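**Student:** Input: one structure, supplied below.
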Amino acid sequence: MSVGSLSNMRSLVIEPGRAARHYWRDLWAYRELFVILAWRDVAVRYKQTVIGFAWAVVRPFLTMVVFTVVFGRLAKLPSEGGAPYPIMVFAGMLPWFLFSTILSEASGSLVGNANLVSKVYFPRLIIPASSAVVALVDFSVNLAILFGLMVWYGFCPSWRIALLPAFVALATLASLGPAFLITALNVKYRDFRYIIPFIVQFGLYVSPVGFSSAIVPGHWRFWYSLNPVVGIIDGFRWCILGGEVTLYAPGFTVSLGVVSFFLWLGIAYFRRTEKSFADLI
Amino acid sequence: MSDDVVIRAEGLAKKYAIRHQRERYTALRDVMARGARSLWRLAADMACGRAIVIGGTVEEFWALKDVSFEVKRGDVLGVIGRNGAGKSTLLKILSRITEPSAGRVTIKGRVASLLEIGTGFHPELTGRENIYLNGAILGMTRSEIRRKFDEIIAFAEIEKFLDTPVKRYSSGMYVRLAFAVAAHLEPEILVVDEVLAVGDAEFQKKCLGKLSEVAGEGRTVLFVSHNMGAVRALCKRALLLDSGKVIVEGPVGQVITSYLTQIGMDNFQGGGQIFWDSNSAPGCEETRVRGLRLMDDTGEVRAVYEPNEPIGVEIYYEVMQPLRGARLNLHVLTQEGDAAFSLTDHDARPQPESPGIYRSTCTIPGGLLNRRAYTLELSFDLPGTCVLIPRAPYLCFSISGAGNQGSTFPEDWPGVICPKVAFRVERIPDLPCS
């Protein structure tokens with residue numbers, strides 16, 4: 001951006017409804033900002049906490065213990081494909097925590113960065129997207145715990161674990177759709193700040209985190225899969241637990257459809273309202 | 001567009017919806033009926049994605065209307081106007097923060113906007129980290145920041161505290177670091193809004209120096225300020241906005257004069273005083289100015305004074321949140337924008353100030369000012385920390401009548417001030433040195 005580049009600069013036109021035209025190119029041009037905002041969110045996440053990064057370990061670990069005791073020991077629910085119950089729970093918790101962290105981190109992100117939004121231009125999609133990176137960092141910590149559990153129980157995953165990155169990407173996309181939608185809505189209607197904790201709390205019980213979705217009666221299973229998290233969790237279990245675990249194909253397809261729909265809806269709504277964020281925030 | 005024009009605005013307009021509170025409800029039946037109606041409207045608005053309005057009616061407000069202008073490469077254009085004239089809205093549109101409602105702008109080259117310094121600074125991060133963060137937010141690349149890193153810390157004078165979280169910085173260090181990053185931006189077009197209103201005089205001078213350096217390098221600068229001295233020093237051309245419209249555009253001296261005449265005209269009619277209700281009063285969260293008036297020693301409010309008359313100044317302000325260490329500054333400027341003198345009531349203030357209405361008074365002695373028109377500017381600040389109410393002109397007054405320059409001859413007498421100085425003339429026998 002030196003003065004020398006004056007000769008080859010392109011002109012920019014600002015007029016109503018114009019912003020949408022070069023959206024994706026703009027998004028790419030601002031990739032460095034995305035990286036640095038993500039880095040900032042990760043860097044300050046555990047500042048001024050006593051146990052710091054350990055929070056990323058403690059929360060999922062304790063949840064896993066409680067679920068194993070309540071669902072596995074007390075309710076005596078079956079595990080999937082012969083895997084130890086804690087590993088089955090953890091394989092479900094990985095995507096669930098990713099989903100809920102992205103949702104809660106992203107929803108408040110625009111309002112939390114109001115000073116940026118009202119003072120500087122950049123594609124606003126960067127803010128909720130970069131806050132999702134924090135969730136991915138927590139996710140990788142959880143993944144390390146899972147491998148620790150596997151060693152502890154002497155559990156050997158099959159070749160399917162190689163597909164894990166694809167499912168992680170899927171889980172991220174599944175979370176980003178609703179996250180974008182709620183982030184944009186939250187700018188205008190702050191009511192959504194109160195809805196998120198509710199969704200997260202409620203979702204933990206209606207999604208097969210503490211139990212296997214195989215225990216859901218057959219004729220309900222298809223409708224159960226309308227919850228996109230169901231398909232994701234099933235996918236994670238299929239690829240982590242290996243063995244006789246089968247993927248319920250119709251349900252997984254429905255979940256994929258719901259995921260794509262929310263992703264489209266989230267991005268479309270976000271982009272439609274984005275230009276008025278600075279006026280509303 | 002011709003090769004030389006880098007910014008061209010055509011018919012730019014921006015509309016906001018503002019809401020009015022309706023009158024109080026009287027009967028429960030009305031309350032219920034209106035409640036139901038507004039609930040229905042609320043649901044309809046939400047479904048259509050319109051702005052939600054609770055308990056009132058919406059009115060359209062045009063912050064900008066039909067604004068057209070051109071800026072040539074290397075121009076430094078000043079944008080001036082009263083509070084609410086649409087200056088900030090214009091800058092927000094140019095820097096793409098908000099979209100215009102109508103019209104278009106064509107811009108050649110990269111724009112960096114500096115609507116605030118230290119945007120995005122994170123208190124938990126260190127000075128070093130914040131330089132990278134803030135630089136990226138302002139549109140610099142990593143390699144560019146790395147290249148200028150040493151220059152930035154030298155300018156900010158914070159070498160020792162580079163690895164300290166900025167929340168431990170003094171406010172002076174914070175502002176210096178923030179400006180240092182911004183000052184090392186190298187866009188083709190720089191849009192600056194009132195950033196000079198922060199920091200102490202020394203720092204402001206440094207900023208102004210840096211800005212004129214930037215302008216000297218052939219970059220195009222759009223500069224918004226209430227500080228006529230700074231506008232005059234930096235810009236060659238200026239734009240006067242009022243109620244969202246361009247009133248005058250042209251050489252800076254001419255535009256400043258019409259601006260000062262404009263505020264003068266309005267307030268001369270009020271005859272030396274201006275009062276605001278609590279909604280329109282200039283101010284911030286903590287305090288606001290409620291009124292300002294000039295009076296002679298008999299208490300009569302006037303805008304025109306004899307050269308020998310003392311002028312009583314009364315400033316009324318309201319404190320909403322407890323204040324400590326605040327001060328009010330009074331600047332007396334000539335019609336051309338040069339400072340005649342500045343005063344502050346810092347020493348006389350009660351500390352701390354609890355919420356309430358206050359009056360600050362002083363007297364400009366008679367036999368001091370020359371015969372001409374003056375502008376009174378006010379600002380409120382916490383010295384060295386922050387500006388509460390940025391400096392802006394509010395009132396005009398003039399000195400006319402028989403001169404106190406020691407001559408009854410009616411002529412234009414040079415000088416901003418003309419202090420009453422006693423002369424004695426006598427015939428003496430010889431020169432003292434002979």
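By order in the structure tokens, chains are A, B, ...; within a chain, residues start at 1; ligands start at 1, following the order shown.
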Please provide the set of residues having any atom within 9 Å of Ser278 in chain B, restricted to only C-alpha atoms, with same-chain residues fewer than 5 positions apart removed, written as a list in words.
**Tutor:**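 Listed by chain and then number, they are Arg288, Val289, Arg290 and Glu318 of chain B.
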**Student:** So that I can see what lies close to Phe341 in chain B, please list as a PDB file with N, CA and C atoms, in the first residue's frame the residues with an atom at most 8 Å from it, counting only C-alpha atoms and leaving out residues fewer than 5 positions away in the same chain.
**Tutor:**
ATOM      1  N   HIS B 331     -11.862  29.431  25.033  1.00  0.00           N
ATOM      2  CA  HIS B 331     -10.917  29.966  24.065  1.00  0.00           C
ATOM      3  C   HIS B 331     -11.566  31.143  23.363  1.00  0.00           C
ATOM      4  N   VAL B 332     -10.844  32.224  23.287  1.00  0.00           N
ATOM      5  CA  VAL B 332     -11.363  33.383  22.576  1.00  0.00           C
ATOM      6  C   VAL B 332     -10.593  33.485  21.266  1.00  0.00           C
ATOM      7  N   LEU B 333     -11.328  33.384  20.159  1.00  0.00           N
ATOM      8  CA  LEU B 333     -10.708  33.379  18.841  1.00  0.00           C
ATOM      9  C   LEU B 333     -11.179  34.572  18.028  1.00  0.00           C
TER      10      LEU B 333
END
**Student:** Compare B:Arg293, B:Arg168, B:Lys210, B:Arg232 by their minimum atom-to-atom distance to Arg359 in chain B, counting only C-alpha atoms, and give me the closest one.
**Tutor:** B:Arg293
**Student:** Which residues in range 80-222 of chain A does DSSP call alpha helix (DSSP H)? List them as an MDAnalysis selection string.
**Tutor:** chainID A and resid 85:112 114:119 126:152 164:188 192:206 218:222
**Student:** Just to confirm, what's the straight-line distance from CA of Gly103 in chain B to CA of Leu91 in chain B in Å (one decimal)?
**Tutor:** 14.7 Å
**Student:** Find the residues around Met64 in chain A up to 9 Å (only C-alpha atoms counted), leave out those fewer than 6 positions away in its own chain, and share them as a list in words.
**Tutor:**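 Contacts, with the query itself left out: Pro86, Ile87, Val89, Phe90, Met93 and Gly210 of chain A.
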**Student:** Pull N, CA and C atoms from the residues just selected and write them as an mmCIF file, in the first residue's frame.
**Tutor:**
data_model
loop_
_atom_site.group_PDB
_atom_site.id
_atom_site.type_symbol
_atom_site.label_atom_id
_atom_site.label_comp_id
_atom_site.auth_asym_id
_atom_site.auth_seq_id
_atom_site.Cartn_x
_atom_site.Cartn_y
_atom_site.Cartn_z
ATOM 1 N N PRO A 86 -17.075 -44.269 28.839
ATOM 2 C CA PRO A 86 -16.474 -42.917 28.855
ATOM 3 C C PRO A 86 -16.003 -42.474 27.472
ATOM 4 N N ILE A 87 -15.464 -43.412 26.688
ATOM 5 C CA ILE A 87 -14.981 -43.031 25.359
ATOM 6 C C ILE A 87 -16.149 -42.698 24.445
ATOM 7 N N VAL A 89 -19.023 -41.493 25.430
ATOM 8 C CA VAL A 89 -19.508 -40.173 25.860
ATOM 9 C C VAL A 89 -18.596 -39.084 25.310
ATOM 10 N N PHE A 90 -17.303 -39.328 25.419
ATOM 11 C CA PHE A 90 -16.373 -38.290 25.001
ATOM 12 C C PHE A 90 -16.426 -38.049 23.493
ATOM 13 N N MET A 93 -19.182 -35.812 23.097
ATOM 14 C CA MET A 93 -18.994 -34.491 23.679
ATOM 15 C C MET A 93 -18.107 -33.596 22.830
ATOM 16 N N GLY A 210 -24.818 -37.778 26.177
ATOM 17 C CA GLY A 210 -24.545 -38.688 27.290
ATOM 18 C C GLY A 210 -24.962 -40.114 26.991
#
**Student:** Which residues, written as a list in words, have at least one atom at most 12 Å from Leu256 in chain A, with only C-alpha atoms counted and residues fewer than 6 positions away on the same chain left out?
**Tutor:**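 Final neighbour list, sorted by chain and number: Phe167, Leu170, Ala171, Leu173, Ala174, Ser225, Leu226, Asn227, Pro228, Val229, Val230, Gly231, Ile232, Ile233, Asp234, Gly235, Ala249, Pro250, Phe262 and Leu263 of chain A.
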**Student:** Using only C-alpha atoms, which residues sit within 6 Å of range 5-19 of chain B once same-chain residues fewer than 4 positions away are excluded, as a PyMOL selection string?
**Tutor:** chain B and resi 57-73+100-108
**Student:** So which one's closest to chain B, A:Leu204, A:Met150, A:Ile199, A:Val35? Using only C-alpha atoms, please.
**Tutor:**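 Of the candidates, the smallest distance to chain B is held by A:Val35.
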**Student:** Would you mind writing down, as a VMD selection string, each residue of range 288-399 of chain B that DSSP on the backbone assigns to strand (DSSP E)?
**Tutor:** chain B and resid 288 to 295 304 to 305 311 to 319 327 to 334 339 to 344 356 to 364 373 to 382 386 to 399
**Student:** How many Å separate CA of Thr141 in chain B from CA of Ala268 in chain A?
**Tutor:**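 So the two atoms, CA of Thr141 in chain B and CA of Ala268 in chain A, lie 29.1 Å apart.
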**Student:** Report the distance between CA of Ala33 in chain B and CA of Phe192 in chain A in Å, rounded to one decimal place.
**Tutor:** 27.6 Å
**Student:** Fewer than 3 positions away in the same chain doesn't count, so skip those; otherwise give me all residues within 7 Å of range 368-382 of chain B, counting only C-alpha atoms, as JSON, numbers by chain.
**Tutor:** {"B": [307, 325, 326, 327, 328, 329, 330, 331, 332, 333, 334, 335, 365, 385, 386, 387, 388, 389, 390, 391, 392, 393, 394, 395, 396, 397, 398, 399, 400, 403, 415, 416, 417, 418, 419, 420]}
**Student:** From the set B:Val255, B:Val79, B:Leu162, B:Ile189, which residue has the shortest atom-to-atom contact distance to chain A, counting only C-alpha atoms?
**Tutor:** B:Ile189
**Student:** Taking into account only C-alpha atoms, which residue in the set A:Lys275, A:Arg193, A:His22, A:Arg73 is nearest to chain B?
**Tutor:**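 Closest residue, counting only C-alpha atoms: A:Lys275.
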**Student:** Near range 124-138 of chain A, counting only C-alpha atoms, which residues have an atom at most 9 Å away, once you skip same-chain residues fewer than 6 positions from it, shown as a ChimeraX atom specification?
**Tutor:** /A:27,30-31,33-39,41-42,45,56-57,97-103,105-110,113,117,172,175-176,179-180,183,267,270-271,274-275,277
**Student:** Write out, as an mmCIF file, in the first residue's frame, the residues just selected, with C-alpha atoms.
**Tutor:**
data_model
loop_
_atom_site.group_PDB
_atom_site.id
_atom_site.type_symbol
_atom_site.label_atom_id
_atom_site.label_comp_id
_atom_site.auth_asym_id
_atom_site.auth_seq_id
_atom_site.Cartn_x
_atom_site.Cartn_y
_atom_site.Cartn_z
ATOM 1 C CA LEU A 27 -13.197 -11.514 2.721
ATOM 2 C CA TYR A 30 -8.945 -9.332 4.999
ATOM 3 C CA ARG A 31 -7.599 -12.785 5.893
ATOM 4 C CA LEU A 33 -7.268 -9.500 10.137
ATOM 5 C CA PHE A 34 -9.093 -12.794 10.602
ATOM 6 C CA VAL A 35 -5.900 -14.485 11.744
ATOM 7 C CA ILE A 36 -4.967 -11.715 14.146
ATOM 8 C CA LEU A 37 -8.439 -11.418 15.663
ATOM 9 C CA ALA A 38 -8.524 -15.184 16.163
ATOM 10 C CA TRP A 39 -5.099 -15.010 17.766
ATOM 11 C CA ASP A 41 -9.306 -14.182 21.189
ATOM 12 C CA VAL A 42 -7.142 -17.213 21.936
ATOM 13 C CA ARG A 45 -9.166 -16.287 26.693
ATOM 14 C CA ALA A 56 -10.133 -26.242 28.742
ATOM 15 C CA VAL A 57 -9.420 -29.652 30.331
ATOM 16 C CA PHE A 97 -18.675 -28.735 22.966
ATOM 17 C CA LEU A 98 -17.425 -27.479 19.627
ATOM 18 C CA PHE A 99 -20.977 -26.610 18.628
ATOM 19 C CA SER A 100 -21.970 -24.953 21.889
ATOM 20 C CA THR A 101 -18.704 -23.012 22.267
ATOM 21 C CA ILE A 102 -18.905 -21.647 18.739
ATOM 22 C CA LEU A 103 -22.513 -20.686 19.275
ATOM 23 C CA GLU A 105 -18.592 -17.305 21.559
ATOM 24 C CA ALA A 106 -19.859 -16.060 18.219
ATOM 25 C CA SER A 107 -23.256 -14.788 19.334
ATOM 26 C CA GLY A 108 -21.796 -12.093 21.561
ATOM 27 C CA SER A 109 -18.771 -11.403 19.382
ATOM 28 C CA LEU A 110 -20.155 -8.558 17.265
ATOM 29 C CA ASN A 113 -16.471 -5.764 19.303
ATOM 30 C CA VAL A 117 -17.686 -2.332 13.959
ATOM 31 C CA THR A 172 -17.636 -26.444 12.410
ATOM 32 C CA SER A 175 -22.104 -24.585 14.163
ATOM 33 C CA LEU A 176 -21.279 -21.588 11.999
ATOM 34 C CA ALA A 179 -23.915 -18.901 14.880
ATOM 35 C CA PHE A 180 -23.969 -16.381 12.011
ATOM 36 C CA THR A 183 -24.874 -13.151 15.816
ATOM 37 C CA ILE A 267 -24.765 -16.394 5.766
ATOM 38 C CA PHE A 270 -25.859 -12.026 8.017
ATOM 39 C CA ARG A 271 -24.952 -10.498 4.686
ATOM 40 C CA GLU A 274 -24.432 -6.596 7.765
ATOM 41 C CA LYS A 275 -24.483 -3.146 6.197
ATOM 42 C CA PHE A 277 -24.626 -3.158 11.846
#
